[in-house]
Amino acid sequence: TLREVLPSDEVDRLGGEALFDGEPMVSTYHSYAARLFGDHALREGMEPTMRLISPAVAWQICSRVVDAYDGPMDKIDWQPDTVTKAVMDLSGDLSEHLRTGDDIRKVGEWLQQKLAALKKSLKPQRDILAKHEIREQLMPLIESYRRAKAGREVVDHGDQMAMAARIAYRHPEVGMIERSRFSVVLLDEYQDTSQAQLVLLKSLFGAGHPVTAVGDPCQSIYGWRGASAGNLLRFAYDFPL
């Protein structure tokens, strides 16, 4: 029983036997992150009323940023629509992996050092560096795109998940509140969780709360947005108690 799973002081602190009453709450990972963000955004100095925008609106904002950009683009020979898509995709990847433009630039420095240390570089190695240089040249656009969203007080799905993960990681009291709401947690389709989702869930429920994950690594379909089937294989490590 859950009484046996949870220490008695934990049950008492969270509300006694009333903890086991009530109906289950079912939501997607993103809708759960949205609710958490709305409840606790002020802890990070953000407005809880920031509006979630659709992909079409996000495209319009990003497209205006691309059209107005006059910085260097000598590494890129794409049409504006292709640049817009690349900016949105890389921005979403950074959010889902909880990374920043500085992380991208550090990887570029590391690649430059590795290439310089080679006695002779091969085309595949130079191609890797060339692709990363494109990412670096997109970074000012990504940063402008994020400022444009912040100025309009809007967020996309990637922003929302990253912000919720940051709140959960930096504010342990948020985890206390969430654990008091849910006596047990079932994580479905766990093979499609991203790094940001992992940080969110682990920060809230990873210290001994009853958690079960269900998933199939052969059905992982969201790698394009940062999901990793490896999260399923590492579940016992991330939730050791």
# chains A, B, ... in the order shown; residues from 1 in each chain; ligands from 1
$ residues_around --residues "A:Glu47" --least-positions-apart "4" --cutoff "8 Å" --atoms "only C-alpha atoms" --output "PyMOL selection string"
chain A and resi 41-42+153
$ write_last_selection --atoms "all heavy atoms" --output "mmCIF file, in the first residue's frame"
data_model
loop_
_atom_site.group_PDB
_atom_site.id
_atom_site.type_symbol
_atom_site.label_atom_id
_atom_site.label_comp_id
_atom_site.auth_asym_id
_atom_site.auth_seq_id
_atom_site.Cartn_x
_atom_site.Cartn_y
_atom_site.Cartn_z
ATOM 1 N N ALA A 41 5.119 31.281 -11.695
ATOM 2 C CA ALA A 41 5.986 32.129 -12.520
ATOM 3 C C ALA A 41 6.587 33.284 -11.741
ATOM 4 O O ALA A 41 7.729 33.690 -11.981
ATOM 5 C CB ALA A 41 5.206 32.652 -13.731
ATOM 6 N N LEU A 42 5.848 33.819 -10.796
ATOM 7 C CA LEU A 42 6.327 34.978 -10.033
ATOM 8 C C LEU A 42 7.582 34.654 -9.227
ATOM 9 O O LEU A 42 8.364 35.558 -8.912
ATOM 10 C CB LEU A 42 5.230 35.488 -9.098
ATOM 11 C CG LEU A 42 4.033 36.163 -9.785
ATOM 12 C CD1 LEU A 42 2.966 36.533 -8.757
ATOM 13 C CD2 LEU A 42 4.484 37.404 -10.553
ATOM 14 N N GLU A 153 5.156 39.428 -24.375
ATOM 15 C CA GLU A 153 4.702 38.627 -23.238
ATOM 16 C C GLU A 153 4.012 37.343 -23.712
ATOM 17 O O GLU A 153 2.918 36.990 -23.269
ATOM 18 C CB GLU A 153 3.786 39.428 -22.307
ATOM 19 C CG GLU A 153 4.499 40.576 -21.611
ATOM 20 C CD GLU A 153 3.664 41.232 -20.527
ATOM 21 O OE1 GLU A 153 2.466 40.898 -20.420
ATOM 22 O OE2 GLU A 153 4.204 42.060 -19.788
#
$ residues_around --residues "A:Asp238" --least-positions-apart "4" --cutoff "9 Å" --atoms "only C-alpha atoms" --output "count of residues only"
5
$ residues_around --residues "stretch 142-147 of chain A" --least-positions-apart "3" --cutoff "7 Å" --atoms "only C-alpha atoms" --output "count of residues only"
8
$ residues_around --residues "A:Asp159" --least-positions-apart "2" --cutoff "9 Å" --atoms "only C-alpha atoms" --output "list in words"
Ser91, Gly92, Ser95, Glu96, Val155, Asp156, His157, Met161, Ala162, Met163 and Ala164 of chain A
$ residues_around --residues "stretch 103-111 of chain A" --least-positions-apart "4" --cutoff "8 Å" --atoms "only C-alpha atoms" --output "PyMOL selection string"
chain A and resi 99+115+129+132-133+135-136
$ residues_around --residues "A:Ala33" --least-positions-apart "3" --cutoff "8 Å" --atoms "only C-alpha atoms" --output "ChimeraX atom specification"
/A:29-30,36-37,160-161,164-165
